[in-house]
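J.: Quick one, upload28.cif (mmCIF, C-alpha atoms):
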```cif
data_protein
#
loop_
_atom_site.label_atom_id
_atom_site.label_comp_id
_atom_site.auth_asym_id
_atom_site.auth_seq_id
_atom_site.Cartn_x
_atom_site.Cartn_y
_atom_site.Cartn_z
CA MET B 38 -24.40 5.85 48.90
CA ALA B 39 -26.05 2.48 48.54
CA LYS B 40 -25.13 0.21 45.73
CA THR B 41 -28.71 -0.04 44.49
CA GLU B 42 -28.85 3.74 44.02
CA LEU B 43 -26.03 3.72 41.49
CA GLN B 44 -26.24 2.77 37.84
CA MET B 45 -23.21 0.53 37.33
CA SER B 46 -22.02 -1.90 34.71
CA PRO B 47 -21.60 -5.54 35.81
CA GLN B 48 -17.84 -5.05 36.08
CA LEU B 49 -18.21 -1.97 38.30
CA GLU B 50 -20.79 -3.73 40.46
CA GLN B 51 -18.42 -6.64 41.04
CA ILE B 52 -15.51 -4.35 42.00
CA HIS B 53 -17.76 -2.22 44.19
CA GLY B 54 -19.06 -5.30 45.99
CA GLU B 55 -15.53 -6.60 46.65
CA ILE B 56 -14.49 -3.21 48.08
CA ARG B 57 -17.51 -3.16 50.39
CA ASP B 58 -16.78 -6.73 51.54
CA ASN B 59 -13.23 -5.69 52.42
CA PHE B 60 -14.50 -2.65 54.31
CA ARG B 61 -16.78 -4.86 56.39
CA ALA B 62 -13.86 -7.18 57.08
CA LEU B 63 -11.76 -4.19 58.17
CA ALA B 64 -14.48 -2.94 60.50
CA ASN B 65 -14.84 -6.38 62.10
CA GLY B 66 -11.05 -6.73 62.34
CA PHE B 67 -10.62 -3.47 64.24
CA GLN B 68 -13.47 -4.44 66.57
CA LYS B 69 -11.68 -7.70 67.35
CA LEU B 70 -8.41 -5.82 67.79
CA ASP B 71 -9.80 -3.98 70.81
CA LYS B 72 -10.40 -7.33 72.51
CA ILE B 73 -6.85 -8.61 71.91
CA LYS B 74 -4.45 -7.90 74.80
CA ASP B 75 -1.30 -9.65 73.54
CA SER B 76 0.93 -7.30 71.54
CA ASN B 77 2.19 -10.03 69.20
CA ARG B 78 -1.34 -11.03 68.30
CA GLN B 79 -2.22 -7.38 67.82
CA SER B 80 0.73 -6.95 65.42
CA LYS B 81 -0.35 -10.02 63.47
CA GLN B 82 -3.93 -8.74 63.32
CA LEU B 83 -2.71 -5.35 62.10
CA GLU B 84 -0.68 -7.01 59.34
CA GLU B 85 -3.77 -8.92 58.22
CA LEU B 86 -5.72 -5.68 58.18
CA ALA B 87 -2.92 -4.06 56.15
CA GLY B 88 -3.35 -6.79 53.54
CA LYS B 89 -7.05 -5.97 53.34
CA MET B 90 -6.18 -2.30 52.88
CA ARG B 91 -3.77 -3.07 50.04
CA GLU B 92 -6.48 -5.11 48.35
CA CYS B 93 -8.94 -2.23 48.77
CA LYS B 94 -6.43 0.16 47.22
CA ARG B 95 -5.95 -2.14 44.22
CA LEU B 96 -9.71 -2.49 43.77
CA LEU B 97 -10.18 1.27 44.01
CA LYS B 98 -7.67 1.76 41.19
CA GLU B 99 -9.59 -0.73 39.06
CA PHE B 100 -12.84 1.03 39.97
CA ASP B 101 -11.38 4.38 38.88
CA ARG B 102 -10.06 2.87 35.63
CA GLU B 103 -13.46 1.40 34.80
CA ILE B 104 -15.15 4.75 35.49
CA LYS B 105 -12.82 6.46 33.02
CA ASP B 106 -13.38 3.75 30.41
CA GLU B 107 -17.16 4.13 30.71
CA GLU B 108 -17.18 7.94 30.85
CA THR B 109 -18.22 8.31 27.22
CA ARG B 110 -21.05 5.78 27.61
CA ASN B 111 -22.54 7.12 30.85
CA PRO B 112 -24.61 10.30 31.27
CA PRO B 113 -22.86 13.14 33.12
CA GLU B 114 -24.96 12.70 36.25
CA VAL B 115 -24.17 8.98 36.44
CA HIS B 116 -20.46 9.69 35.95
CA LYS B 117 -20.61 12.26 38.76
CA GLN B 118 -22.35 9.79 41.09
CA LEU B 119 -19.70 7.15 40.40
CA ASN B 120 -16.89 9.64 41.12
CA ASP B 121 -18.59 10.68 44.34
CA GLU B 122 -18.86 7.03 45.38
CA LYS B 123 -15.17 6.55 44.58
CA GLN B 124 -14.18 9.54 46.72
CA SER B 125 -16.39 8.25 49.55
CA MET B 126 -14.67 4.86 49.46
CA ILE B 127 -11.24 6.52 49.40
CA LYS B 128 -12.13 8.54 52.51
CA GLU B 129 -13.35 5.40 54.23
CA LEU B 130 -10.13 3.56 53.36
CA ASN B 131 -8.05 6.49 54.66
CA SER B 132 -9.98 6.39 57.92
CA TYR B 133 -9.00 2.74 58.37
CA VAL B 134 -5.39 3.63 57.50
CA THR B 135 -5.40 6.36 60.15
CA LEU B 136 -6.89 3.96 62.66
CA ARG B 137 -4.20 1.38 61.92
CA LYS B 138 -1.46 4.01 62.34
CA THR B 139 -2.87 4.80 65.76
CA TYR B 140 -2.70 1.16 66.81
CA MET B 141 0.80 0.82 65.34
CA SER B 142 1.99 3.86 67.29
CA SER B 143 0.64 2.40 70.46
CA LEU B 144 2.66 -0.76 69.79
CA GLY B 145 5.88 1.22 69.23
CA ASN B 146 6.14 0.55 65.50
CA LYS B 147 7.50 3.62 63.73
CA ARG B 148 7.10 2.44 60.14
CA VAL B 149 5.25 4.99 58.06
CA GLU B 150 2.61 3.94 55.54
CA LEU B 151 0.64 5.92 53.05
CA PHE B 152 -2.60 4.88 51.34
CA ASP B 153 -3.67 7.74 49.12
CA MET B 154 -5.10 7.42 45.61
CA GLY B 155 -3.47 10.68 44.61
CA GLY B 156 0.09 9.74 45.61
CA GLY B 157 2.50 6.85 46.10
CA ALA B 158 1.99 4.11 48.66
CA SER B 159 4.64 2.22 50.60
CA ASP B 160 4.21 -1.47 51.31
CA PRO B 161 3.23 -1.82 54.97
CA THR B 162 4.60 -5.36 55.14
CA ALA B 163 7.77 -4.89 53.12
CA ASP B 164 9.90 -5.67 56.17
CA ASP B 165 7.81 -8.40 57.80
CA ASN B 166 10.93 -10.33 58.80
CA VAL B 167 12.68 -7.35 60.45
CA GLN B 168 12.43 -6.92 64.21
CA VAL B 169 10.77 -3.84 65.67
CA ALA B 170 13.40 -1.18 66.23
CA SER B 171 12.40 -0.61 69.84
CA ALA B 172 12.99 -4.28 70.61
CA MET B 173 16.51 -4.45 69.10
CA SER B 174 19.77 -3.95 71.00
CA ASN B 175 22.43 -1.45 69.93
CA GLN B 176 24.60 -4.21 68.43
CA GLU B 177 21.66 -5.59 66.49
CA LEU B 178 20.90 -2.10 65.21
CA VAL B 179 24.53 -1.68 64.13
CA ASN B 180 24.50 -5.09 62.39
CA ALA B 181 21.25 -4.26 60.66
CA GLY B 182 22.69 -0.94 59.54
CA MET B 183 25.83 -2.64 58.20
CA ARG B 184 23.75 -5.17 56.29
CA THR B 185 21.70 -2.36 54.82
CA MET B 186 24.86 -0.52 53.78
CA ASP B 187 26.26 -3.66 52.16
CA GLU B 188 23.03 -4.21 50.27
CA THR B 189 23.10 -0.59 49.17
CA ASP B 190 26.70 -0.93 47.96
CA HIS B 191 25.79 -4.07 46.00
CA ALA B 192 22.81 -2.28 44.48
CA ILE B 193 25.04 0.64 43.49
CA GLU B 194 27.57 -1.71 41.89
CA ARG B 195 24.80 -3.44 39.94
CA SER B 196 23.54 -0.04 38.84
CA LYS B 197 27.04 0.91 37.68
CA GLN B 198 27.28 -2.32 35.69
CA VAL B 199 23.93 -1.65 34.09
CA VAL B 200 24.98 1.90 33.22
CA GLY B 201 28.25 0.63 31.75
CA GLN B 202 26.45 -1.96 29.67
CA THR B 203 23.99 0.69 28.52
CA ILE B 204 26.82 3.00 27.48
CA GLU B 205 28.54 0.16 25.60
CA VAL B 206 25.33 -0.76 23.80
CA GLY B 207 24.78 2.91 22.97
CA THR B 208 28.32 3.19 21.54
CA GLN B 209 27.87 0.08 19.42
CA THR B 210 24.54 1.37 18.22
CA ALA B 211 26.10 4.71 17.27
CA VAL B 212 28.87 2.95 15.31
CA THR B 213 26.32 0.76 13.55
CA LEU B 214 24.18 3.77 12.69
CA LYS B 215 27.21 5.63 11.31
CA GLY B 216 28.12 2.66 9.12
CA GLN B 217 24.57 2.39 7.88
CA THR B 218 24.52 6.13 7.16
CA ASP B 219 27.72 5.88 5.09
CA GLN B 220 26.32 2.87 3.26
CA MET B 221 23.13 4.77 2.49
CA GLY B 222 25.24 7.64 1.14
CA ARG B 223 27.09 5.27 -1.19
CA ILE B 224 23.81 3.75 -2.32
CA VAL B 225 22.45 7.20 -3.13
CA ASN B 226 25.56 8.02 -5.18
CA GLU B 227 25.26 4.72 -7.07
CA LEU B 228 21.60 5.41 -7.74
CA ASP B 229 22.50 8.84 -9.15
CA THR B 230 25.10 7.21 -11.43
CA ILE B 231 22.60 4.59 -12.58
CA HIS B 232 20.00 7.29 -13.23
CA PHE B 233 22.50 9.27 -15.33
CA SER B 234 23.48 6.14 -17.28
CA ILE B 235 19.85 5.28 -17.94
CA LYS B 236 19.22 8.83 -19.18
CA LYS B 237 22.20 8.69 -21.57
CA ALA B 238 21.15 5.24 -22.78
CA SER B 239 17.64 6.53 -23.43
CA GLN B 240 19.01 9.41 -25.49
CA LEU B 241 21.25 7.01 -27.45
CA VAL B 242 18.34 4.67 -28.14
CA THR B 243 16.28 7.61 -29.37
CA GLU B 244 19.07 8.70 -31.77
CA ILE B 245 19.52 5.14 -33.04
CA GLY B 246 15.78 4.89 -33.60
CA ARG B 247 15.80 8.09 -35.63
CA GLN B 248 18.77 6.89 -37.70
CA VAL B 249 17.12 3.54 -38.33
CA ALA B 250 13.92 5.28 -39.40
CA THR B 251 15.91 7.47 -41.87
CA ASP B 252 17.75 4.42 -43.27
CA LYS B 253 14.45 2.61 -43.71
CA CYS B 254 13.03 5.54 -45.68
CA ILE B 255 16.06 5.63 -47.97
CA MET B 256 15.93 1.87 -48.50
CA LEU B 257 12.22 2.09 -49.26
CA PHE B 258 12.83 4.84 -51.82
CA LEU B 259 15.60 2.81 -53.50
CA LEU B 260 13.35 -0.23 -53.50
CA LEU B 261 10.64 1.76 -55.25
CA ILE B 262 13.12 2.92 -57.90
CA VAL B 263 14.38 -0.61 -58.49
CA CYS B 264 10.82 -1.89 -58.71
CA GLY B 265 9.97 0.85 -61.20
CA VAL B 266 12.96 0.01 -63.41
CA ILE B 267 12.13 -3.69 -63.28
CA ALA B 268 8.53 -2.92 -64.18
CA ILE B 269 9.60 -0.83 -67.20
CA ILE B 270 11.96 -3.55 -68.40
CA ILE B 271 9.24 -6.15 -68.08
CA VAL B 272 6.76 -3.97 -69.99
CA LYS B 273 9.35 -3.32 -72.72
CA ILE B 274 10.04 -6.99 -73.14
CA VAL B 275 6.38 -7.91 -73.22
CA ASN B 276 5.29 -5.00 -75.52
CA PRO B 277 8.27 -3.57 -77.40
CA ASN B 278 6.04 -1.26 -79.53
CA ASN B 279 4.70 0.62 -76.52
CA LYS B 280 5.03 4.32 -77.43
CA SER B 281 4.94 5.51 -73.86
CA ILE B 282 8.46 4.24 -73.20
CA ARG B 283 10.20 5.14 -76.49
CA ASP B 284 11.55 8.37 -75.06
CA ILE B 285 13.42 6.60 -72.29
CA PRO B 286 17.12 6.35 -73.24
CA GLY B 287 18.17 2.82 -74.07
CA LEU B 288 14.60 1.56 -74.13
CA ALA B 289 13.42 3.03 -77.51
CA PRO B 290 12.72 0.30 -80.11
CA PRO B 291 15.29 -0.09 -82.91
CA ALA B 292 14.59 1.61 -86.28
CA PRO B 293 12.84 -0.63 -88.80
CA THR B 294 15.17 -2.49 -91.14
CA THR B 295 13.10 -1.57 -94.23
CA ARG B 296 13.71 2.16 -93.73
CA ARG B 297 17.51 1.63 -93.76
CA LEU B 298 17.35 -0.44 -96.91
CA LEU B 299 15.41 2.28 -98.74
CA TYR B 300 18.02 4.83 -97.68
CA LEU B 301 20.83 2.75 -99.06
CA LYS B 302 19.07 2.24 -102.44
CA SER B 303 18.46 5.95 -102.86
CA ARG B 304 22.15 6.64 -102.44
CA GLU B 305 23.07 4.03 -105.03
CA SER B 306 20.76 5.63 -107.56
CA PHE B 307 22.73 8.89 -107.36
#
```
Would you mind giving the structure from this file in structure tokens?
T.:
Amino acid sequence: MAKTELQMSPQLEQIHGEIRDNFRALANGFQKLDKIKDSNRQSKQLEELAGKMRECKRLLKEFDREIKDEETRNPPEVHKQLNDEKQSMIKELNSYVTLRKTYMSSLGNKRVELFDMGGGASDPTADDNVQVASAMSNQELVNAGMRTMDETDHAIERSKQVVGQTIEVGTQTAVTLKGQTDQMGRIVNELDTIHFSIKKASQLVTEIGRQVATDKCIMLFLLLIVCGVIAIIIVKIVNPNNKSIRDIPGLAPPAPTTRRLLYLKSRESF
């Protein structure tokens, strides 16, 4: 499907264009490969083509990610067209991978590569510095095998160290968590004690407030009595002939002196 027939965002257009450029480079590279007779040059050309394939695979992953990001913004038919274009490019890339495997088999290279968007992919140039197995002597194969075993042993030892460190860190973390759990338990108990103390203090304050209120009422009543007595005394001093207070014991005015004198004279006359 041509690029102009698809509705793409600028980002998708850029990725799509880079993938197509790499495909053209792959097609030209395989055409040149047929003209190369030297096996070393053919191997070098195949490695260069493998680099182009890895780049295509990376770009296809970005293309797929962009399609998923834009799925909600694109109409269903546009999304389907983009997916179809992606599948078409994947098939084209796999055809180049198959073609490269054919050339590699003809050169005696037995390394297996996989370029598939649905699965894992091995690095076709991971062992660029290793000699082709068919060109190595038995002793060289044995030495290479021993080196591989040594590297594997070292990797296993490093893995054991990492596992040991992980276990140690896990143990320390467990101890720390247990200590923190115990501390949290003590804090909860202290909070319960504080809550109980606050409750008792609140009850005590309430009782004290009631007692103070009762004492204030009594003091106010006594103050009123004292004020009343003082007021009566003041009135008696200011107006001793006030009849309204004669009936109060101790506050009645003394009997007139003239009445006592008349009583005494009447007794003398008898």
J.: For the atom pair CA of Leu119 (chain B) and CA of Cys93 (chain B), what is the interatomic distance in Å to one decimal place?
T.: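 Calculated distance between CA of Leu119 (chain B) and CA of Cys93 (chain B) is 16.5 Å.
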J.: Between CA of Phe258 (chain B) and CA of Gln240 (chain B), what is the spacing in Å?
T.: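 Between CA of Gln240 (chain B) and CA of Phe258 (chain B) the gap is 27.4 Å.
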J.: First collect every listed atom of region 242-252 of chain B; then fit an axis-aligned box around them, widen it by 6 Å on each side, and give centre and edge lengths in Å to one decimal, as JSON.
T.:
```
{"center_x": 16.7, "center_y": 6.1, "center_z": -35.7, "size_x": 17.6, "size_y": 17.2, "size_z": 27.1}
```
J.: By how many Å are CA of Gln220 (chain B) and CA of Ile204 (chain B) apart?
T.: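 Spanning CA of Gln220 (chain B) to CA of Ile204 (chain B) is a straight-line distance of 24.2 Å.
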J.: Run the PyMOL selection byres ((chain B and resi 101) around 12) against the file shown and list the residues it catches, as JSON, numbers by chain.
T.: {"B": [48, 49, 52, 53, 94, 95, 96, 97, 98, 99, 100, 102, 103, 104, 105, 106, 107, 108, 116, 119, 120, 121, 122, 123, 124, 126, 127, 154, 155]}
J.: Rank nothing, just name the residue among B:Thr109, B:Val134, B:Met141, B:Gly246 nearest to Asn77 (chain B), using all atoms listed in the file.
T.: B:Met141
J.: Exactly which residues make up the result of the PyMOL selection byres ((chain B and resi 63) around 12) on this file, given as a compact mmCIF listing (two decimals) with C-alpha atoms, in the frame of the given file?
T.:
```txt
# COMPACT_ATOMS: atom_id res chain seq x y z
CA ILE B 56 -14.49 -3.21 48.08
CA ARG B 57 -17.51 -3.16 50.39
CA ASP B 58 -16.78 -6.73 51.54
CA ASN B 59 -13.23 -5.69 52.42
CA PHE B 60 -14.50 -2.65 54.31
CA ARG B 61 -16.78 -4.86 56.39
CA ALA B 62 -13.86 -7.18 57.08
CA ALA B 64 -14.48 -2.94 60.50
CA ASN B 65 -14.84 -6.38 62.10
CA GLY B 66 -11.05 -6.73 62.34
CA PHE B 67 -10.62 -3.47 64.24
CA GLN B 68 -13.47 -4.44 66.57
CA LYS B 69 -11.68 -7.70 67.35
CA LEU B 70 -8.41 -5.82 67.79
CA GLN B 82 -3.93 -8.74 63.32
CA LEU B 83 -2.71 -5.35 62.10
CA GLU B 84 -0.68 -7.01 59.34
CA GLU B 85 -3.77 -8.92 58.22
CA LEU B 86 -5.72 -5.68 58.18
CA ALA B 87 -2.92 -4.06 56.15
CA GLY B 88 -3.35 -6.79 53.54
CA LYS B 89 -7.05 -5.97 53.34
CA MET B 90 -6.18 -2.30 52.88
CA ARG B 91 -3.77 -3.07 50.04
CA GLU B 92 -6.48 -5.11 48.35
CA CYS B 93 -8.94 -2.23 48.77
CA GLU B 129 -13.35 5.40 54.23
CA LEU B 130 -10.13 3.56 53.36
CA ASN B 131 -8.05 6.49 54.66
CA SER B 132 -9.98 6.39 57.92
CA TYR B 133 -9.00 2.74 58.37
CA VAL B 134 -5.39 3.63 57.50
CA LEU B 136 -6.89 3.96 62.66
CA ARG B 137 -4.20 1.38 61.92
```
J.: Restricting the calculation to all atoms listed in the file: of B:Asn111, B:Ser142, B:Gln248, B:Asn180, which residue gets closest to Ser80 (chain B)?
T.: B:Ser142
